[in-house]
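Here the structure comes first, spelled out in C-alpha cells, and everything after it is commentary.
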Amino acid sequence: MNPSRKLETMCIHSGYTPKKGEPLAMPIIQSTTFKYDTTQEMGDLFDLKAEGYFYTRLQNPTNDQVAAKIADLEGGVAGILTSSGQAANFYAIFNICEAGEHVVAASTIYGGTFNLLGVTLKKLGIDCTFVDTDASQEEIEACIRPNTKAILAETIANPALVILDIEKFARAAHAHQIPLIVDNTFATPINCRPFEWGADIVTHSTTKYMDGHGLQVGGAIVDSGNFDWEAAGKYPGLTTPDESYHGITYTKQFGKKAYITKATSQLMRDLGSIPSPMNCFLLNIGLETLPLRVRAHCHNADVVAHYLNDHEKVTHVCYAGLESDPYHALAQKYLPNGTCGVISFEVAGGREGAVRFMDSLQLASIATHVASSRTMVLHPASHTHRQMNDEQLLAAGVSPGMIRLSIGIENVEDIIADLEQALQKA
C-alpha cells in the first residue's frame, strides 16, 4: 500500500486492489478449500515454502485482505484476524509465552482480558503480574522477571477510560528486551497509532468501532515489525527450528513477518480461532466508514460529557476530553483528535441510583456491547467485571456505582433528552 496515503483513503482502498474485470467491492471467498494441480504444489504450501491458500482455518483471501487493511491503518508489517478480541489477546500472548513464563499487564484492562491473564492463562502455566497503569517506569520494571515475555495494556482502558502513557510502558518493556502489546480497540488507528509511540504489537476487538454496527464478533493482531526477536535472545519459538514445520526458523525465513507467520501457521493450525469470510466482509464494510463514525462518536461524546459534568445528579465523570480529567494531558499527547465515544460516570444515588437510571432509559439500550452506532449503557460491577472482588474492582478503576455509557451516532440532542429524563428518576 502507498504509505503516503491518508487513513481515510486506506480505509477504502487498502488490502484489496481489483484488477481488470474483477469486482470493485472486496469479494467473499466463502470456501473451506482451494484447488491445486499437483501434489508438489500442495506440499510446498504445507512446508511454508510457497504462499497460497489451501484451507480456510489457516488463511482465506477475504480474511487476509481485511487483515492487510488493518495492518496498513496501524502502520504495521503484517496482521492476522481472529474470531474475537479475546482470541486476539490470547494469541498475542501465547505466540511468545509458554508454560513457566510470565507477563505483566496494566491493572485497568477490560475485565475479560483481566480474567484471561489472571485466571485462565495460569491454568496453562503462564503467570501474570498486574501493575497500576499510573505506576512509574521504575515500578513497572520492578514487576518484570527474568522469565517475563511481554507487557500488555490498553490505549484507553475499558471501562475506567485511563489513558495509557505508551512511551513510558514501551521504555520499561524495551529496557528488558520484551515487547509492548497494546490493545487499541477504543482509540482505533484513527485516533491513535501506538507503533508511533513505541508499541511493538497491537490488538483489537474488531467487534467494536471497526465493525461499528454490532454485526460481527472478531479480533485482530498487527505486528510493527520493529521488535528484534533474535537480539532479545529469549524467544526460541521464533528464533529456533520448528520441528512441526520441518525445522524452519521463523525469523530467518520470514524476517519482519515472523511473529504473524508463526501465529498463523502454529496457533491457527492448532487452535483454529479463525473468523468466517462473511464476518470479515462485514468488518470491511465497517472499516470503510470508520473515520466518519469515529469523528461522530467523539463529537457526541464530548457534548454529552460536558452535559453530565454540569449535572447536579452526576457526582463524577471519567472522560479525558474534559480539562478537569486527570488524563486530559495524556489524551492531548496521544489522542489529540479525540479519545472515543465511551464515557464512565456516577450518579448521586450510588449503585441503586445507577440501576434506577439505567432502567429508565428509553433510547439507550442496556447491552454488553460497546462502541457501536447505537447508544448503549452498562453497569460494569454487575456485568463485565462481576468476577472481580472489591479490591480488584478498585485496581481496575471500577467503582460500585460506575455507569459505562457508549455514545452512539444518533442526534446528540436526542441522546441528552433520554439521559435527562432518566437522571430525574435516579
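In the C-alpha cells, the first chain shown is A, the next is B, and so on; residue numbers restart at 1 for each chain, and ligands run from 1 in the order shown.
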Got a sec: who's within 12 Å of range 350-356 of chain A, counting only C-alpha atoms, leaving out chain neighbours fewer than 6 positions off, as a CSV table (one decimal) with C-alpha atoms, in the first residue's frame?
chain,number,residue,atom,x,y,z
A,313,LYS,CA,-27.3,14.4,39.8
A,314,VAL,CA,-23.9,13.3,38.5
A,315,THR,CA,-21.1,13.1,41.0
A,316,HIS,CA,-18.2,12.1,38.8
A,344,SER,CA,-17.9,6.5,32.5
A,366,ILE,CA,-28.8,-1.9,28.3
A,377,VAL,CA,-25.2,1.6,28.7
A,378,LEU,CA,-23.8,-1.0,31.1
A,379,HIS,CA,-23.1,-1.4,34.9
A,380,PRO,CA,-19.5,-2.8,34.9
A,381,ALA,CA,-19.6,-4.0,38.5
A,382,SER,CA,-22.7,-6.1,37.8
A,398,VAL,CA,-14.3,0.5,38.6
A,399,SER,CA,-16.5,1.7,41.5
A,400,PRO,CA,-19.7,0.0,42.5
A,401,GLY,CA,-21.8,2.9,41.1
A,402,MET,CA,-19.9,3.4,37.8
A,403,ILE,CA,-22.0,3.5,34.6
A,404,ARG,CA,-20.4,2.9,31.3
A,405,LEU,CA,-22.1,4.9,28.6
A,419,LEU,CA,-30.3,10.9,29.7
A,421,GLN,CA,-35.4,12.1,31.8
A,422,ALA,CA,-33.6,9.0,33.2
A,423,LEU,CA,-31.4,11.1,35.5
A,424,GLN,CA,-34.5,12.7,37.0
A,425,LYS,CA,-35.5,9.2,38.2
A,426,ALA,CA,-32.1,8.2,39.5
**Request:** Write out as a PyMOL selection string each polymer residue whose atoms come within 9 Å of Pro27 in chain A, counting only C-alpha atoms; drop sequence neighbours fewer than 3 positions from it.
**Result:** chain A and resi 23-24+61-62+281
**All residues 7 Å or closer to range 194-203 of chain A, only C-alpha atoms, same chain fewer than 2 positions away omitted, as a count of residues only** = 19
**Request:** Using DSSP on the backbone coordinates, identify all residues within range 217-375 of chain A classified as helix (DSSP H, G or I); present the result as a PyMOL selection string.
**Result:** chain A and resi 229-232+236-239+243-245+250-271+277-288+290-309+328-334+350-360
**Shell of 8 Å around His102 in chain A, only C-alpha atoms, local chain residues under 5 positions omitted, as a ChimeraX atom specification** = /A:97,126-129,145,147-150
**Message:** Give me the residues near range 12-19 of chain A as a ChimeraX atom specification, where near means some atom within 10 Å (using only C-alpha atoms) and where sequence neighbours in that chain fewer than 5 positions away do not count.
**Reply:** /A:1-2,5,7,24-27,61-73,284-285,287-290
Which residues are close to range 309-312 of chain A, i.e. within 10 Å by only C-alpha atoms, leaving aside same-chain residues fewer than 2 positions away? Reply as a PDB file with N, CA and C atoms, in the first residue's frame.
ATOM      1  N   VAL A 304     -21.924  15.245  25.338  1.00  0.00           N
ATOM      2  CA  VAL A 304     -22.588  14.562  26.449  1.00  0.00           C
ATOM      3  C   VAL A 304     -21.738  14.628  27.720  1.00  0.00           C
ATOM      4  N   ALA A 305     -20.427  14.490  27.600  1.00  0.00           N
ATOM      5  CA  ALA A 305     -19.555  14.535  28.779  1.00  0.00           C
ATOM      6  C   ALA A 305     -19.657  15.883  29.485  1.00  0.00           C
ATOM      7  N   HIS A 306     -19.675  16.950  28.718  1.00  0.00           N
ATOM      8  CA  HIS A 306     -19.803  18.283  29.330  1.00  0.00           C
ATOM      9  C   HIS A 306     -21.185  18.457  29.967  1.00  0.00           C
ATOM     10  N   TYR A 307     -22.211  17.904  29.325  1.00  0.00           N
ATOM     11  CA  TYR A 307     -23.564  17.955  29.900  1.00  0.00           C
ATOM     12  C   TYR A 307     -23.596  17.218  31.239  1.00  0.00           C
ATOM     13  N   VAL A 314     -25.108  14.055  38.874  1.00  0.00           N
ATOM     14  CA  VAL A 314     -23.916  13.290  38.496  1.00  0.00           C
ATOM     15  C   VAL A 314     -22.763  13.727  39.392  1.00  0.00           C
ATOM     16  N   THR A 315     -22.148  12.771  40.071  1.00  0.00           N
ATOM     17  CA  THR A 315     -21.090  13.096  41.025  1.00  0.00           C
ATOM     18  C   THR A 315     -19.694  13.039  40.416  1.00  0.00           C
ATOM     19  N   HIS A 316     -19.538  12.287  39.338  1.00  0.00           N
ATOM     20  CA  HIS A 316     -18.201  12.149  38.762  1.00  0.00           C
ATOM     21  C   HIS A 316     -18.313  11.703  37.307  1.00  0.00           C
ATOM     22  N   VAL A 317     -17.456  12.249  36.451  1.00  0.00           N
ATOM     23  CA  VAL A 317     -17.411  11.873  35.038  1.00  0.00           C
ATOM     24  C   VAL A 317     -15.975  11.527  34.661  1.00  0.00           C
ATOM     25  N   CYS A 318     -15.785  10.364  34.044  1.00  0.00           N
ATOM     26  CA  CYS A 318     -14.479   9.971  33.512  1.00  0.00           C
ATOM     27  C   CYS A 318     -14.518  10.128  31.994  1.00  0.00           C
ATOM     28  N   TYR A 319     -13.815  11.108  31.505  1.00  0.00           N
ATOM     29  CA  TYR A 319     -13.738  11.349  30.063  1.00  0.00           C
ATOM     30  C   TYR A 319     -12.558  12.271  29.846  1.00  0.00           C
ATOM     31  N   LEU A 322     -12.421  16.115  28.959  1.00  0.00           N
ATOM     32  CA  LEU A 322     -12.673  17.184  29.917  1.00  0.00           C
ATOM     33  C   LEU A 322     -11.353  17.707  30.465  1.00  0.00           C
ATOM     34  N   SER A 324     -10.754  18.920  33.227  1.00  0.00           N
ATOM     35  CA  SER A 324     -10.591  18.557  34.634  1.00  0.00           C
ATOM     36  C   SER A 324     -10.190  17.096  34.822  1.00  0.00           C
ATOM     37  N   PHE A 345     -19.383   7.355  34.284  1.00  0.00           N
ATOM     38  CA  PHE A 345     -19.807   8.366  35.259  1.00  0.00           C
ATOM     39  C   PHE A 345     -20.558   7.711  36.413  1.00  0.00           C
ATOM     40  N   VAL A 347     -23.744   8.431  39.371  1.00  0.00           N
ATOM     41  CA  VAL A 347     -24.871   9.266  39.798  1.00  0.00           C
ATOM     42  C   VAL A 347     -24.874   9.337  41.322  1.00  0.00           C
ATOM     43  N   ALA A 348     -25.567  10.326  41.828  1.00  0.00           N
ATOM     44  CA  ALA A 348     -25.544  10.584  43.265  1.00  0.00           C
ATOM     45  C   ALA A 348     -26.099   9.417  44.081  1.00  0.00           C
ATOM     46  N   GLU A 420     -31.488  12.900  30.314  1.00  0.00           N
ATOM     47  CA  GLU A 420     -32.102  13.835  31.258  1.00  0.00           C
ATOM     48  C   GLU A 420     -33.310  13.235  31.939  1.00  0.00           C
ATOM     49  N   LEU A 423     -32.112  10.576  34.363  1.00  0.00           N
ATOM     50  CA  LEU A 423     -31.426  11.120  35.542  1.00  0.00           C
ATOM     51  C   LEU A 423     -32.421  11.673  36.566  1.00  0.00           C
TER      52      LEU A 423
END
**Asked** Using only C-alpha atoms, which of A:Ala258, A:Val217, A:Val162, A:Ile248 sits nearest Cys280 in chain A?
**Response**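 Distance minimum relative to Cys280 in chain A lands on A:Val217.
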**Item:** Å distance separating CA of Thr133 in chain A from CA of Ala175 in chain A, one decimal place
**Value:**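 Interatomic distance here is 17.6 Å.
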**Request:** Point out the residue among A:Gly43, A:Gln392, A:Val303, A:Tyr334 with the least atom-to-atom distance to Ile109 in chain A, counting only C-alpha atoms.
**Result:**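 Closest candidate: A:Gln392.
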**Request:** Extract, using only C-alpha atoms, all DNA, RNA and protein residues at most 9 Å from Leu335 in chain A, discarding same-chain residues fewer than 3 positions from it, and format them as a VMD selection string.
**Result:** chain A and resid 187 191 to 192 330 to 332 338 to 339
Output for the residues just chosen: C-alpha atoms as a short mmCIF file (atom, residue, chain, number, x, y, z; two decimals), in the first residue's frame:
data_model
loop_
_atom_site.label_atom_id
_atom_site.label_comp_id
_atom_site.auth_asym_id
_atom_site.auth_seq_id
_atom_site.Cartn_x
_atom_site.Cartn_y
_atom_site.Cartn_z
CA ALA A 187 -8.92 4.51 20.18
CA ASN A 191 -7.25 8.46 16.88
CA CYS A 192 -4.02 6.73 17.92
CA LEU A 330 -2.05 12.33 28.15
CA ALA A 331 -5.08 12.44 25.86
CA GLN A 332 -3.83 15.66 24.31
CA GLY A 338 -10.44 12.75 20.31
CA THR A 339 -10.43 9.70 22.55
#
